[in-house]
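Engineer: Here you go, entry10.txt (compact mmCIF, C-alpha atoms):
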```
# COMPACT_ATOMS: atom_id res chain seq x y z
CA MET A 270 74.12 125.40 40.03
CA TRP A 271 71.32 123.25 41.35
CA TYR A 272 70.40 122.21 37.81
CA ILE A 273 73.04 119.48 37.52
CA GLU A 274 71.82 117.71 40.64
CA TYR A 275 68.23 118.23 39.50
CA LEU A 276 69.02 116.43 36.22
CA ARG A 277 70.74 113.62 38.11
CA ALA A 278 67.79 113.18 40.48
CA ARG A 279 65.31 113.32 37.60
CA ARG A 280 67.24 110.64 35.74
CA ALA A 281 67.24 108.41 38.83
CA LEU A 282 63.49 108.98 39.31
CA THR A 283 62.86 108.06 35.67
CA VAL A 284 64.72 104.76 36.01
CA TYR A 285 62.97 104.05 39.31
CA GLY A 286 59.60 104.84 37.74
CA LEU A 287 60.23 102.42 34.88
CA ILE A 288 61.13 99.65 37.34
CA VAL A 289 57.99 100.30 39.40
CA ALA A 290 55.86 100.37 36.25
CA ALA A 291 57.24 96.99 35.18
CA MET A 292 56.49 95.50 38.62
CA VAL A 293 52.96 96.95 38.60
CA ALA A 294 52.35 95.50 35.15
CA LEU A 295 53.47 92.10 36.42
CA ALA A 296 51.18 92.38 39.46
CA LEU A 297 48.21 93.29 37.24
CA ILE A 298 48.93 90.37 34.93
CA VAL A 299 48.84 88.05 37.94
CA ARG A 300 45.63 89.75 39.09
CA VAL A 301 43.91 88.99 35.78
CA ASN A 302 44.76 85.31 36.11
CA VAL A 303 43.71 84.78 39.73
CA ASN A 304 40.57 85.34 41.77
CA PRO A 305 41.86 87.31 44.79
CA HIS A 306 40.16 87.19 48.16
CA PRO A 307 40.83 89.19 51.31
CA ILE A 308 43.38 87.57 53.61
CA PRO A 309 41.50 85.37 56.12
CA GLY A 310 41.41 86.87 59.61
CA LEU A 311 42.69 90.24 58.41
CA HIS A 312 39.83 92.73 58.12
CA GLN A 313 42.07 95.64 57.20
CA THR A 314 45.62 95.76 55.87
CA PRO A 315 47.73 98.25 57.87
CA LEU A 316 48.78 101.16 55.68
CA ILE A 317 52.17 101.02 57.37
CA LEU A 318 52.80 97.68 55.65
CA LEU A 319 52.73 99.47 52.30
CA ALA A 320 54.82 102.28 53.76
CA VAL A 321 57.52 99.80 54.79
CA ILE A 322 57.61 98.33 51.29
CA ALA A 323 57.82 101.84 49.82
CA GLY A 324 60.42 102.91 52.38
CA PHE A 325 62.63 99.94 51.57
CA ALA A 326 62.42 100.66 47.83
CA ILE A 327 63.12 104.37 48.35
CA ALA A 328 66.07 103.53 50.60
CA ILE A 329 67.65 101.71 47.64
CA LEU A 330 67.00 104.75 45.45
CA GLY A 331 68.46 106.95 48.19
CA THR A 332 71.61 104.85 48.28
CA VAL A 333 72.10 105.55 44.56
CA LEU A 334 71.45 109.28 44.94
CA ALA A 335 73.75 109.46 47.97
CA THR A 336 76.85 109.30 45.78
CA SER A 337 76.03 112.69 44.23
CA LEU A 338 78.64 114.71 46.13
CA SER A 339 81.34 112.13 45.49
CA SER A 340 80.65 112.37 41.75
CA HIS A 341 82.25 115.84 41.81
CA VAL A 342 85.52 114.25 43.00
CA ASN A 343 85.77 111.99 39.94
CA GLY A 344 88.22 114.05 37.93
CA HIS A 345 86.49 117.42 37.92
CA LEU A 346 86.68 118.65 41.50
CA GLU A 347 88.41 121.83 40.36
CA ILE A 348 85.37 122.65 38.24
CA ALA A 349 83.14 122.25 41.28
CA TRP A 350 85.26 124.81 43.16
CA THR A 351 84.72 127.37 40.40
CA LYS A 352 80.95 127.38 40.94
CA PRO A 353 79.82 130.75 42.34
CA ILE A 354 78.17 129.23 45.40
CA PRO A 355 79.35 128.72 49.00
CA ARG A 356 80.40 125.16 49.82
CA ASP A 357 77.87 124.94 52.66
CA ARG A 358 75.09 125.97 50.32
CA LEU A 359 76.19 123.48 47.66
CA VAL A 360 75.95 120.60 50.14
CA ALA A 361 72.61 121.81 51.52
CA GLN A 362 71.29 122.27 47.99
CA THR A 363 72.29 118.74 47.05
CA PHE A 364 70.61 117.31 50.14
CA ALA A 365 67.44 119.30 49.51
CA ILE A 366 67.11 118.21 45.85
CA ASP A 367 67.82 114.56 46.59
CA ILE A 368 65.49 114.38 49.60
CA GLY A 369 62.81 116.13 47.56
CA ALA A 370 63.19 113.44 44.88
CA LEU A 371 62.94 110.73 47.55
CA ALA A 372 59.76 112.31 48.92
CA ILE A 373 58.15 112.36 45.45
CA ALA A 374 59.12 108.74 44.84
CA TYR A 375 57.90 107.69 48.32
CA LEU A 376 54.45 109.23 47.89
CA ALA A 377 54.11 107.94 44.34
CA THR A 378 55.09 104.43 45.41
CA ILE A 379 52.54 104.39 48.23
CA VAL A 380 49.80 105.57 45.85
CA VAL A 381 50.73 102.81 43.38
CA LEU A 382 50.77 100.20 46.15
CA ILE A 383 47.34 101.35 47.35
CA ALA A 384 45.98 100.99 43.83
CA VAL A 385 47.48 97.51 43.42
CA SER A 386 46.15 96.47 46.85
CA ALA A 387 42.67 97.67 45.88
CA SER A 388 42.80 95.53 42.74
CA TYR A 389 43.44 92.54 45.00
CA ASN A 390 40.40 93.39 47.17
CA GLN A 391 42.52 94.36 50.15
CA HIS A 392 40.91 96.89 52.51
CA LEU A 393 43.41 99.33 54.02
CA ASP A 394 43.45 100.93 57.46
CA TYR A 395 43.60 104.70 56.98
CA SER A 396 43.40 105.61 60.66
CA LEU A 397 45.37 108.58 61.99
CA VAL A 398 47.76 106.20 63.73
CA GLN A 399 48.52 104.45 60.44
CA LEU A 400 48.94 107.77 58.64
CA GLY A 401 51.38 108.85 61.36
CA HIS A 402 53.35 105.63 60.96
CA THR A 403 53.44 106.17 57.20
CA ALA A 404 54.85 109.69 57.57
CA ALA A 405 57.43 108.57 60.15
CA GLU A 406 58.55 105.68 57.94
CA PHE A 407 59.96 108.19 55.44
CA LEU A 408 62.72 108.94 57.94
CA PHE A 409 64.26 105.54 57.21
CA PRO A 410 65.29 106.20 53.57
CA VAL A 411 66.20 109.82 54.35
CA ALA A 412 68.45 108.82 57.26
CA LEU A 413 70.09 106.10 55.17
CA TYR A 414 70.67 108.59 52.35
CA ALA A 415 72.26 111.08 54.73
CA LEU A 416 74.52 108.46 56.31
CA VAL A 417 75.76 107.18 52.94
CA GLN A 418 76.23 110.74 51.68
CA GLY A 419 78.28 111.57 54.76
CA SER A 420 80.38 108.43 54.26
CA THR A 421 81.13 108.89 50.57
CA SER A 422 81.23 112.61 49.78
CA SER A 423 85.02 112.75 49.42
CA VAL A 424 85.99 109.25 48.26
CA GLY A 425 85.44 109.63 44.53
CA ARG A 426 85.19 106.40 42.55
CA ARG A 427 85.06 104.27 45.70
CA ALA A 428 81.66 105.74 46.59
CA GLY A 429 79.71 102.99 44.83
CA SER A 430 81.51 100.23 46.69
CA ILE A 431 81.10 101.93 50.05
CA ALA A 432 77.42 102.63 49.40
CA GLY A 433 76.86 98.99 48.46
CA LEU A 434 78.66 97.69 51.55
CA THR A 435 76.58 99.96 53.78
CA TRP A 436 73.55 97.68 53.52
CA PRO A 437 75.11 94.40 54.74
CA VAL A 438 77.00 96.22 57.51
CA LEU A 439 73.90 98.01 58.82
CA LEU A 440 71.76 94.87 58.54
CA PHE A 441 74.36 92.91 60.49
CA MET A 442 74.52 95.53 63.23
CA ALA A 443 70.73 95.68 63.50
CA SER A 444 70.47 91.89 63.73
CA ILE A 445 72.88 91.62 66.67
CA VAL A 446 70.25 92.85 69.15
CA GLN A 447 67.95 90.01 68.06
CA PHE A 448 70.44 87.25 68.88
CA PRO A 449 71.46 85.81 72.26
CA VAL A 450 74.75 87.62 72.87
CA PRO A 451 76.54 88.60 76.09
CA GLU A 452 74.92 91.51 77.91
CA PHE A 453 77.81 93.91 77.34
CA VAL A 454 77.76 93.16 73.60
CA HIS A 455 74.02 93.76 73.56
CA ARG A 456 74.43 97.12 75.31
CA ILE A 457 77.18 98.22 72.92
CA ALA A 458 75.05 97.15 69.95
CA LEU A 459 72.12 99.20 71.23
CA VAL A 460 74.30 102.31 71.46
CA VAL A 461 75.81 101.79 68.00
CA ASN A 462 72.42 101.02 66.48
CA TYR A 463 71.08 104.36 67.62
CA PHE A 464 72.96 105.69 64.57
CA ASN A 465 71.77 102.83 62.33
CA PRO A 466 68.95 103.86 59.95
CA ILE A 467 67.88 100.22 59.54
CA THR A 468 66.56 100.26 63.11
CA LEU A 469 63.98 102.86 62.04
CA LEU A 470 62.32 100.32 59.75
CA SER A 471 59.09 98.94 61.22
CA ILE A 472 58.89 95.16 61.55
CA HIS A 473 55.94 94.58 63.92
CA PHE A 474 52.48 95.47 62.67
CA GLY A 475 49.31 95.66 64.69
CA PRO A 476 46.06 97.58 65.00
CA GLY A 477 47.73 100.00 67.39
CA GLU A 478 51.40 100.86 67.70
CA THR A 479 53.95 99.67 65.17
CA GLY A 480 57.36 98.60 66.45
CA ASN A 481 60.84 98.90 65.01
CA THR A 482 63.84 96.59 65.33
CA LEU A 483 64.83 98.04 68.71
CA GLY A 484 61.40 97.33 70.14
CA GLY A 485 60.21 100.94 70.18
CA SER A 486 57.19 102.52 68.55
CA ALA A 487 57.78 103.63 64.96
CA PHE A 488 55.64 106.71 65.54
CA ALA A 489 57.07 108.18 68.71
CA THR A 490 59.35 111.04 69.70
CA GLY A 491 62.38 108.78 70.26
CA PRO A 492 62.67 107.15 66.81
CA ILE A 493 61.74 110.40 65.03
CA LEU A 494 64.46 112.25 66.96
CA GLN A 495 66.85 109.38 66.20
CA GLY A 496 66.20 109.75 62.47
CA LEU A 497 66.73 113.50 62.59
CA VAL A 498 69.99 113.02 64.49
CA ILE A 499 71.27 110.60 61.83
CA VAL A 500 70.34 113.08 59.09
CA ALA A 501 72.14 115.89 60.93
CA ILE A 502 75.24 113.72 61.39
CA GLY A 503 75.28 112.74 57.72
CA PHE A 504 74.94 116.36 56.62
CA THR A 505 77.70 117.47 59.00
CA LEU A 506 80.08 114.71 57.83
CA ALA A 507 79.46 115.61 54.19
CA LEU A 508 80.07 119.29 54.89
CA VAL A 509 83.28 118.63 56.86
CA GLN A 510 84.67 116.43 54.09
CA TRP A 511 83.96 119.03 51.43
CA ARG A 512 85.66 121.73 53.47
CA ARG A 513 88.64 119.45 53.96
CA LEU A 514 88.87 118.77 50.22
CA GLU A 515 88.96 122.47 49.45
CA ALA A 516 91.69 123.02 51.99
```
As structure tokens, please, write out the structure in this file.
Structural biologist:
Amino acid sequence: MWYIEYLRARRALTVYGLIVAAMVALALIVRVNVNPHPIPGLHQTPLILLAVIAGFAIAILGTVLATSLSSHVNGHLEIAWTKPIPRDRLVAQTFAIDIGALAIAYLATIVVLIAVSASYNQHLDYSLVQLGHTAAEFLFPVALYALVQGSTSSVGRRAGSIAGLTWPVLLFMASIVQFPVPEFVHRIALVVNYFNPITLLSIHFGPGETGNTLGGSAFATGPILQGLVIVAIGFTLALVQWRRLEA
């Protein structure tokens, strides 16, 4: 019964690929009409910069895919219950297919960005630190996908609205820690933002460590564990809601 979700993910990847192809074509058209030079003072472009761009794009794709479980509630939930597969396995299967699609899109996007950067004479930093940052950055779209999936798996037609509202809410929560607010508000925001995937997104780039919105390293045990916790919570919420629907 994985085939339906596979078709859905493939369709989303096709649309995403067409959008990326159009943007690449536009970038190449601009390249033909300009004489690019390396950015002054920047000997190498951090690979993580491309990873952040790719991660942001894949997070949008993940938000679309994250309404997959709720699509079963739109008038044909009874059909979903007739599938000869345990409910736990159905949820896990959906997560696996969608995250696999996100991984393919993430790698493909980075490869495309590298090619476009090379056409603009930009030299990239391929150090092990940068490669580690690039791998860790994938946790951002995966965690966001899991959180949206866990928030929408039983709401049916309202899933699109909830998924869309997730972005402004998470961005607002992440921005609170950057503003001068009372200390107790700042502490509460830090606790809440531990479960906010946006805080996994790197915003400070340097030759060494890369920082996220909470001031921590993007390639460290803490943020990686944070991302895995968010994924686990999203999966658990989705599973609980599906069991509740069946009951």
Engineer: How far is it from atom CA of A:Tyr285 to atom CA of A:Ile502, in Å with one decimal?
Structural biologist: 27.0 Å
Engineer: From the list A:Val424, A:Ala361, A:Val454, A:Asn390, which residue is nearest A:Ala501 when using all atoms listed in the file?
Structural biologist: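 Of A:Val424, A:Ala361, A:Val454, A:Asn390, the one nearest A:Ala501 is A:Ala361, counting all atoms listed in the file.
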Engineer: Using only C-alpha atoms, can you tell me which of A:Val381, A:Leu470, A:Leu359, A:Leu508 comes closest to A:Gln418?
Structural biologist: A:Leu508
Engineer: So that I can check the surroundings of A:Ala296, please list as a PyMOL selection string every protein, DNA and RNA residue that reaches within 10 Å of it, counting only C-alpha atoms and ignoring chain neighbours fewer than 3 positions away.
Structural biologist: chain A and resi 290-293+299-301+385-386+388-389
Engineer: Find the residues near stretch 332-334 of chain A: any atom within 8 Å, counting only C-alpha atoms, skip ones fewer than 6 places away on the same chain, and give them as a PyMOL selection string.
Structural biologist: chain A and resi 278+281+367+413-414+417+432-433
Engineer: Would you kindly return, as a tab-separated table (two decimals) with C-alpha atoms, in the frame of the given file, each protein, DNA or RNA residue with an atom no farther than 9 Å from any atom of stretch 434-439 of chain A, considering all atoms listed in the file and excluding same-chain residues fewer than 4 positions away?
Structural biologist:
```tsv
chain	number	residue	atom	x	y	z
A	332	THR	CA	71.61	104.85	48.28
A	417	VAL	CA	75.76	107.18	52.94
A	429	GLY	CA	79.71	102.99	44.83
A	430	SER	CA	81.51	100.23	46.69
A	443	ALA	CA	70.73	95.68	63.50
A	444	SER	CA	70.47	91.89	63.73
A	462	ASN	CA	72.42	101.02	66.48
A	465	ASN	CA	71.77	102.83	62.33
A	466	PRO	CA	68.95	103.86	59.95
A	467	ILE	CA	67.88	100.22	59.54
A	468	THR	CA	66.56	100.26	63.11
```
